[in-house]
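Worksheet for the structure shown next.
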Amino acid sequence: MDRDAEGLQTLTGQAQGLAGTVEPRTLDLTDLDAAEQVAAGTDILVNNAGLQLVRAIEEFPPDAFHTVLTVMLEAPFRLIRGALPHMYGQGWGRIVNISSVHGLRASAYKSAYVAAKHGLEGLSKTAALEGAEHGVTSNCVSPGYVRTPLVERQIADQAAAHGLPEERVLADVLLKDSALKRLLEPHEVAEAVAYLCGPQASFITGISLPLDGGWTAH
């Protein structure tokens, strides 16, 4: 699902052949009722939508804070709520929530994102406890900085917030706390998600799997 038609075409092309028939749908996750309805009948739910705004708390627009929490926390709740009856009925289901290292650690100037990801971690654990007796697992994958447009777009914001030239943001801000000084590639995140959805991960639930290059080892 995607709200961007071009992005949806790309995702559909990548997914074809991986999981049988792919039925792409557009969805605006601020429409919470629609989100819950579209999740009905889902066997595997991956909550991956995200957005970011880098501002000091006193300068953070309240409407933007509300939107981030809606898309990144309330919508996953509604999607899980919509998916669980089918999962429970068949005695099997997989929920993977794409969290972030910011679900485990805070960073300045990202109040909405950090709050949403911390909440998502708690939601995922609650779903794991409730779903266990029904054969449903729920886990988080918590990456560091991934090579995506979301990360690329925030470099200018980070430069302004920290008073740095843009060329220094990657090394001095984004990767400062990472032992591995590179961006994570999207396919590496996808492999972790696939592992948690497979039969070999049937006893793994309620965890957060950091793909953070050693960030949380500090």
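The way I read the labels, and the way they are meant: chains A, B, ... in the order of the structure tokens, residue 1 as the first residue of every chain, and ligand 1 as the first ligand shown, with later ones counted on from there.
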For stretch 151-162 of chain A: contacts at 12 Å, only C-alpha atoms, fewer than 4 positions along chain excluded, given as an mmCIF file with N, CA and C atoms, in the first residue's frame:
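Generated output (selection-v3.cif):
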data_model
loop_
_atom_site.group_PDB
_atom_site.id
_atom_site.type_symbol
_atom_site.label_atom_id
_atom_site.label_comp_id
_atom_site.auth_asym_id
_atom_site.auth_seq_id
_atom_site.Cartn_x
_atom_site.Cartn_y
_atom_site.Cartn_z
ATOM 1 N N GLY A 50 6.452 6.199 7.166
ATOM 2 C CA GLY A 50 7.139 7.139 8.053
ATOM 3 C C GLY A 50 7.286 8.515 7.419
ATOM 4 N N LEU A 51 7.431 9.516 8.259
ATOM 5 C CA LEU A 51 7.738 10.869 7.829
ATOM 6 C C LEU A 51 8.536 11.539 8.933
ATOM 7 N N GLN A 52 9.206 12.605 8.575
ATOM 8 C CA GLN A 52 10.148 13.210 9.511
ATOM 9 C C GLN A 52 10.128 14.726 9.366
ATOM 10 N N LEU A 53 10.250 15.407 10.474
ATOM 11 C CA LEU A 53 10.474 16.847 10.503
ATOM 12 C C LEU A 53 11.463 17.130 11.622
ATOM 13 N N VAL A 54 12.517 17.847 11.303
ATOM 14 C CA VAL A 54 13.581 18.141 12.274
ATOM 15 C C VAL A 54 13.425 19.584 12.739
ATOM 16 N N ARG A 55 12.997 19.751 13.989
ATOM 17 C CA ARG A 55 12.810 21.079 14.582
ATOM 18 C C ARG A 55 12.990 20.970 16.095
ATOM 19 N N ALA A 56 13.429 22.043 16.721
ATOM 20 C CA ALA A 56 13.435 22.104 18.179
ATOM 21 C C ALA A 56 11.990 22.050 18.686
ATOM 22 N N ILE A 57 11.809 21.528 19.897
ATOM 23 C CA ILE A 57 10.452 21.350 20.419
ATOM 24 C C ILE A 57 9.670 22.661 20.409
ATOM 25 N N GLU A 59 9.836 25.042 18.477
ATOM 26 C CA GLU A 59 9.545 25.485 17.113
ATOM 27 C C GLU A 59 8.764 24.433 16.320
ATOM 28 N N PHE A 60 8.430 23.313 16.962
ATOM 29 C CA PHE A 60 7.791 22.213 16.243
ATOM 30 C C PHE A 60 6.310 22.528 16.055
ATOM 31 N N SER A 107 17.035 11.385 19.981
ATOM 32 C CA SER A 107 17.926 12.383 19.389
ATOM 33 C C SER A 107 17.249 13.736 19.489
ATOM 34 N N ALA A 108 18.049 14.760 19.628
ATOM 35 C CA ALA A 108 17.505 16.118 19.674
ATOM 36 C C ALA A 108 16.834 16.472 18.353
ATOM 37 N N TYR A 109 15.845 17.362 18.429
ATOM 38 C CA TYR A 109 15.160 17.951 17.280
ATOM 39 C C TYR A 109 14.215 16.989 16.560
ATOM 40 N N LYS A 110 13.917 15.839 17.152
ATOM 41 C CA LYS A 110 13.043 14.860 16.501
ATOM 42 C C LYS A 110 11.958 14.393 17.465
ATOM 43 N N PRO A 143 16.011 -0.030 12.515
ATOM 44 C CA PRO A 143 17.224 0.349 11.785
ATOM 45 C C PRO A 143 17.803 1.672 12.264
ATOM 46 N N GLY A 144 19.093 1.830 11.943
ATOM 47 C CA GLY A 144 19.699 3.150 11.992
ATOM 48 C C GLY A 144 19.299 3.905 10.730
ATOM 49 N N TYR A 145 20.200 4.705 10.221
ATOM 50 C CA TYR A 145 19.874 5.501 9.038
ATOM 51 C C TYR A 145 19.967 4.650 7.780
ATOM 52 N N VAL A 146 18.846 4.581 7.057
ATOM 53 C CA VAL A 146 18.735 3.777 5.841
ATOM 54 C C VAL A 146 18.811 4.709 4.633
ATOM 55 N N ARG A 147 19.402 4.214 3.567
ATOM 56 C CA ARG A 147 19.530 5.014 2.355
ATOM 57 C C ARG A 147 18.164 5.127 1.657
ATOM 58 N N GLU A 166 25.992 21.051 4.957
ATOM 59 C CA GLU A 166 25.313 19.794 4.625
ATOM 60 C C GLU A 166 26.286 18.638 4.443
ATOM 61 N N GLU A 167 27.465 18.907 3.891
ATOM 62 C CA GLU A 167 28.404 17.824 3.629
ATOM 63 C C GLU A 167 28.951 17.187 4.908
ATOM 64 N N ARG A 168 28.787 17.871 6.043
ATOM 65 C CA ARG A 168 29.281 17.308 7.310
ATOM 66 C C ARG A 168 28.192 16.577 8.099
ATOM 67 N N VAL A 169 26.947 16.707 7.670
ATOM 68 C CA VAL A 169 25.847 16.142 8.441
ATOM 69 C C VAL A 169 25.932 14.627 8.533
ATOM 70 N N LEU A 170 26.256 13.950 7.443
ATOM 71 C CA LEU A 170 26.280 12.486 7.455
ATOM 72 C C LEU A 170 27.273 11.958 8.479
ATOM 73 N N ALA A 171 28.497 12.447 8.444
ATOM 74 C CA ALA A 171 29.529 11.934 9.347
ATOM 75 C C ALA A 171 29.395 12.484 10.765
ATOM 76 N N ASP A 172 29.081 13.778 10.893
ATOM 77 C CA ASP A 172 29.109 14.423 12.203
ATOM 78 C C ASP A 172 27.805 14.321 12.980
ATOM 79 N N VAL A 173 26.698 14.018 12.297
ATOM 80 C CA VAL A 173 25.402 13.954 12.972
ATOM 81 C C VAL A 173 24.765 12.578 12.792
ATOM 82 N N LEU A 174 24.443 12.217 11.556
ATOM 83 C CA LEU A 174 23.675 10.994 11.330
ATOM 84 C C LEU A 174 24.435 9.742 11.761
ATOM 85 N N LEU A 175 25.716 9.674 11.442
ATOM 86 C CA LEU A 175 26.482 8.461 11.741
ATOM 87 C C LEU A 175 27.425 8.634 12.934
ATOM 88 N N LEU A 183 25.551 4.117 5.598
ATOM 89 C CA LEU A 183 24.105 3.994 5.640
ATOM 90 C C LEU A 183 23.699 2.536 5.446
ATOM 91 N N LEU A 184 22.621 2.153 6.090
ATOM 92 C CA LEU A 184 22.045 0.826 5.908
ATOM 93 C C LEU A 184 21.295 0.799 4.581
ATOM 94 N N GLU A 185 21.405 -0.306 3.858
ATOM 95 C CA GLU A 185 20.733 -0.422 2.572
ATOM 96 C C GLU A 185 19.319 -0.991 2.764
ATOM 97 N N PRO A 186 18.347 -0.548 1.977
ATOM 98 C CA PRO A 186 16.969 -1.030 2.133
ATOM 99 C C PRO A 186 16.830 -2.542 2.060
#
Distance query A:Thr216 at most 9 Å, only C-alpha atoms, self and fewer than 4 positions along chain excluded, as a PyMOL selection string: chain A and resi 101+104-105+177-178+210+212
Expected file: the selected residues, N, CA and C atoms, as a CSV table (one decimal), in the first residue's frame:
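again.csv, freshly written:
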chain,number,residue,atom,x,y,z
A,101,VAL,N,16.2,3.0,15.4
A,101,VAL,CA,17.0,3.2,16.5
A,101,VAL,C,16.5,4.3,17.4
A,104,LEU,N,14.6,3.3,20.4
A,104,LEU,CA,15.4,2.8,21.5
A,104,LEU,C,16.2,3.9,22.1
A,105,ARG,N,16.6,4.9,21.3
A,105,ARG,CA,17.4,6.0,21.7
A,105,ARG,C,16.7,7.3,21.2
A,177,ASP,N,27.0,8.3,16.1
A,177,ASP,CA,26.9,7.3,17.2
A,177,ASP,C,27.0,5.8,16.6
A,178,SER,N,27.1,5.7,15.3
A,178,SER,CA,27.2,4.4,14.7
A,178,SER,C,28.6,3.9,14.6
A,210,PRO,N,17.7,-4.5,16.5
A,210,PRO,CA,18.4,-3.3,16.0
A,210,PRO,C,19.3,-3.6,14.8
A,212,ASP,N,21.5,-1.3,13.6
A,212,ASP,CA,21.9,0.1,13.9
A,212,ASP,C,23.4,0.3,13.8
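These are the residues of stretch 4-185 of chain A assigned strand (DSSP E) by DSSP from backbone coordinates: Ile44, Leu45, Val46, Asn47, Gly93, Arg94, Ile95, Val96, Asn97, Ile98, Val136, Thr137, Ser138, Asn139, Cys140, Val141, Ser142 and Pro143 of chain A.
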Same residues, C-alpha atoms, saved as a compact mmCIF listing (two decimals), in the first residue's frame:
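To be explicit, this is the file written out as result_24.txt:
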# COMPACT_ATOMS: atom_id res chain seq x y z
CA ILE A 44 1.44 -10.69 7.26
CA LEU A 45 1.37 -7.03 8.26
CA VAL A 46 4.46 -4.85 7.92
CA ASN A 47 4.03 -1.32 9.27
CA GLY A 93 -0.07 -14.29 11.68
CA ARG A 94 3.02 -12.15 11.48
CA ILE A 95 3.29 -8.48 12.44
CA VAL A 96 6.54 -6.65 11.80
CA ASN A 97 6.75 -3.00 12.78
CA ILE A 98 9.53 -0.99 11.19
CA VAL A 136 0.55 -14.47 16.03
CA THR A 137 3.99 -12.96 16.51
CA SER A 138 4.77 -9.24 16.67
CA ASN A 139 8.26 -7.79 16.45
CA CYS A 140 10.07 -4.58 15.63
CA VAL A 141 12.95 -4.09 13.23
CA SER A 142 14.82 -1.02 14.40
CA PRO A 143 17.22 0.35 11.79
From a DSSP pass on the backbone, collect the residues of stretch 117-206 of chain A flagged as helix (DSSP H, G or I) and hand them back as a ChimeraX atom specification. /A:117-134,149-162,166-174,186-197,199-201
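One distance worth recording is that between atom CA of A:Val193 and atom CA of A:Val68, which is 22.8 Å.
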I want to know what sits within 7 Å of stretch 69-81 of chain A, based on only C-alpha atoms, with residues of the same chain fewer than 3 positions away left out; could you give that as a PyMOL selection string? chain A and resi 29-30+32+35-36+39+47+49-50+65-66+84+112+116+119-120
